[in-house]
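What follows is a short report on a single structure.
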Amino acid sequence: QLQLVESGGGLVQPGESMRLSCTVSGFTLSDYAIGWFRQAPGKVREGISCISSSGLSTNYADSMKGRFTISRDNAKNTVYLQMSSLKVEDTAVYYCAAVRSRVACVLTNAPPITGEYDYWGQGTQVTVSS
């Protein structure tokens, strides 16, 4: 059974950092591109960042460039999202998702699109507040 589980969320103050993890099971991570998404209350789910199955290509939404870094460790079946200089507006539920593709997150510089990802985790809450 294919599963993705996010962890690492919580409460932080503005300007602080946080690392989210997406641990997968039931499939070979190296065959899949992984995307990170978030959804704030009353807003649509938006793509934040993605990493290709090879790990050689990464994309970010403009508002995350320079603040967020995505990485993967296939040996640990885990993809990470390192977030720094967090802002109040980063408050949201963060999701990771997977798609079996060697071209996802490779052909364009665009952040991930929700409809292109097939498997989703349950999400982890990130709250940025003073």
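In the structure tokens, chains take the letters A, B, ... in the order shown, each chain's residues start at 1, and ligands count up from 1 in the order shown.
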
Which residues come within 12 Å of Val106 in chain A, counting only C-alpha atoms, excluding same-chain residues fewer than 4 positions away, as a ChimeraX atom specification? /A:33-34,50-59,101-102,110-112

Find the spatial neighbours of Tyr60 in chain A, counting only C-alpha atoms, within a cut-off of 10 Å - ignore same-chain residues fewer than 4 positions away - and output them as a list of chain:residue names. A:Gly35, A:Trp36, A:Gly47, A:Ile48, A:Ser49, A:Cys50, A:Ile51, A:Met64, A:Lys65, A:Gly66, A:Arg67, A:Phe68, A:Thr69, A:Ile70, A:Cys105, A:Asn109, A:Ala110, A:Pro111, A:Pro112

Kindly export the residues of the current selection with C-alpha atoms, as a compact mmCIF listing (two decimals), in the first residue's frame.
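Once everything was written out, this is selection-v4.txt:
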# COMPACT_ATOMS: atom_id res chain seq x y z
CA GLY A 35 5.80 17.78 -4.66
CA TRP A 36 5.08 19.90 -1.61
CA GLY A 47 2.14 24.13 -5.16
CA ILE A 48 5.27 25.12 -3.26
CA SER A 49 8.10 23.03 -4.59
CA CYS A 50 8.89 19.81 -6.38
CA ILE A 51 11.85 17.54 -6.92
CA MET A 64 9.46 30.50 -1.70
CA LYS A 65 12.60 30.97 -3.74
CA GLY A 66 15.55 31.63 -1.48
CA ARG A 67 13.61 30.64 1.64
CA PHE A 68 12.62 27.01 1.02
CA THR A 69 14.82 24.12 -0.05
CA ILE A 70 13.59 20.71 -1.16
CA CYS A 105 9.38 18.74 -12.30
CA ASN A 109 10.48 25.71 -14.11
CA ALA A 110 6.96 25.88 -12.72
CA PRO A 111 5.98 24.81 -9.20
CA PRO A 112 3.94 21.59 -8.93

From range 41-127 of chain A, collect each residue whose DSSP state is strand (DSSP E) and return the set as a VMD selection string. chain A and resid 46 to 51 58 to 60 68 to 73 78 to 83 92 to 100 119 to 120 124 to 127

From a DSSP pass on the backbone, collect the residues of chain A flagged as helix (DSSP H, G or I) and hand them back as an MDAnalysis selection string. chainID A and resid 29:31 62:64 74:76 88:90 114:116

Minimum-distance residue to Ser129 in chain A, chosen among A:Ser7, A:Ser63, A:Ser25, A:Thr91 (using only C-alpha atoms):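 The answer is A:Thr91, which sits nearest to Ser129 in chain A.
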
Spatial neighbours of Lys76 in chain A, max dist 10 Å, only C-alpha atoms, sep filter under 2 positions, as a VMD selection string: chain A and resid 23 to 24 29 72 to 74 78 to 79

Mind writing the picked residues with C-alpha atoms as a short mmCIF file (atom, residue, chain, number, x, y, z; two decimals), in the first residue's frame?
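Final output, saved to result_25.cif:
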data_model
loop_
_atom_site.label_atom_id
_atom_site.label_comp_id
_atom_site.auth_asym_id
_atom_site.auth_seq_id
_atom_site.Cartn_x
_atom_site.Cartn_y
_atom_site.Cartn_z
CA THR A 23 8.33 9.62 4.50
CA VAL A 24 7.02 7.19 1.93
CA LEU A 29 10.87 6.55 -4.10
CA ARG A 72 15.42 13.88 -1.04
CA ASP A 73 17.16 10.89 0.50
CA ASN A 74 16.02 7.84 -1.39
CA THR A 78 12.20 10.61 2.69
CA VAL A 79 11.83 13.99 1.04
#

Find the residues near Val44 in chain A: any atom within 12 Å, counting only C-alpha atoms, skip ones fewer than 3 places away on the same chain, and give them as JSON, numbers by chain. {"A": [37, 38, 39, 40, 41, 47, 92, 93, 113, 114]}

Any chance you can output those residues with N, CA, C and O atoms as a PDB file, in the first residue's frame?
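Result file part-v1.pdb:
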ATOM      1  N   PHE A  37       2.931  20.898  -1.221  1.00  0.00           N
ATOM      2  CA  PHE A  37       1.828  21.818  -1.422  1.00  0.00           C
ATOM      3  C   PHE A  37       1.402  22.356  -0.067  1.00  0.00           C
ATOM      4  O   PHE A  37       1.753  21.801   0.972  1.00  0.00           O
ATOM      5  N   ARG A  38       0.615  23.412  -0.083  1.00  0.00           N
ATOM      6  CA  ARG A  38       0.051  23.897   1.167  1.00  0.00           C
ATOM      7  C   ARG A  38      -1.329  24.476   0.913  1.00  0.00           C
ATOM      8  O   ARG A  38      -1.652  24.898  -0.207  1.00  0.00           O
ATOM      9  N   GLN A  39      -2.115  24.479   1.978  1.00  0.00           N
ATOM     10  CA  GLN A  39      -3.457  25.038   1.890  1.00  0.00           C
ATOM     11  C   GLN A  39      -3.756  25.799   3.170  1.00  0.00           C
ATOM     12  O   GLN A  39      -3.786  25.212   4.252  1.00  0.00           O
ATOM     13  N   ALA A  40      -3.975  27.077   3.014  1.00  0.00           N
ATOM     14  CA  ALA A  40      -4.349  27.935   4.130  1.00  0.00           C
ATOM     15  C   ALA A  40      -5.868  27.976   4.223  1.00  0.00           C
ATOM     16  O   ALA A  40      -6.567  27.730   3.229  1.00  0.00           O
ATOM     17  N   PRO A  41      -6.403  28.303   5.402  1.00  0.00           N
ATOM     18  CA  PRO A  41      -7.854  28.360   5.557  1.00  0.00           C
ATOM     19  C   PRO A  41      -8.504  29.292   4.540  1.00  0.00           C
ATOM     20  O   PRO A  41      -8.070  30.425   4.363  1.00  0.00           O
ATOM     21  N   GLY A  47       0.877  24.828  -5.057  1.00  0.00           N
ATOM     22  CA  GLY A  47       2.144  24.127  -5.163  1.00  0.00           C
ATOM     23  C   GLY A  47       3.280  24.994  -4.652  1.00  0.00           C
ATOM     24  O   GLY A  47       3.357  26.184  -4.976  1.00  0.00           O
ATOM     25  N   ALA A  92      -0.263  27.272   7.233  1.00  0.00           N
ATOM     26  CA  ALA A  92      -1.097  26.439   6.372  1.00  0.00           C
ATOM     27  C   ALA A  92      -0.907  24.982   6.760  1.00  0.00           C
ATOM     28  O   ALA A  92      -0.026  24.646   7.561  1.00  0.00           O
ATOM     29  N   VAL A  93      -1.721  24.128   6.173  1.00  0.00           N
ATOM     30  CA  VAL A  93      -1.478  22.688   6.225  1.00  0.00           C
ATOM     31  C   VAL A  93      -0.605  22.346   5.023  1.00  0.00           C
ATOM     32  O   VAL A  93      -0.929  22.722   3.890  1.00  0.00           O
ATOM     33  N   ILE A 113       1.743  21.237  -9.788  1.00  0.00           N
ATOM     34  CA  ILE A 113       0.305  21.434  -9.972  1.00  0.00           C
ATOM     35  C   ILE A 113      -0.425  20.273  -9.314  1.00  0.00           C
ATOM     36  O   ILE A 113      -0.083  19.115  -9.543  1.00  0.00           O
ATOM     37  N   THR A 114      -1.436  20.571  -8.528  1.00  0.00           N
ATOM     38  CA  THR A 114      -2.099  19.532  -7.736  1.00  0.00           C
ATOM     39  C   THR A 114      -2.619  18.396  -8.602  1.00  0.00           C
ATOM     40  O   THR A 114      -2.493  17.222  -8.249  1.00  0.00           O
TER      41      THR A 114
END

Compile the contact shell of Val126 in chain A as a VMD selection string: residues with an atom at most 9 Å away, counting only C-alpha atoms, same-chain residues fewer than 3 positions apart removed. chain A and resid 8 to 12 18 90 to 94

Pairwise distance for CA of Val88 in chain A and CA of Glu46 in chain A, rounded to one decimal in Å: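 CA of Val88 in chain A sits 16.4 Å away from CA of Glu46 in chain A.
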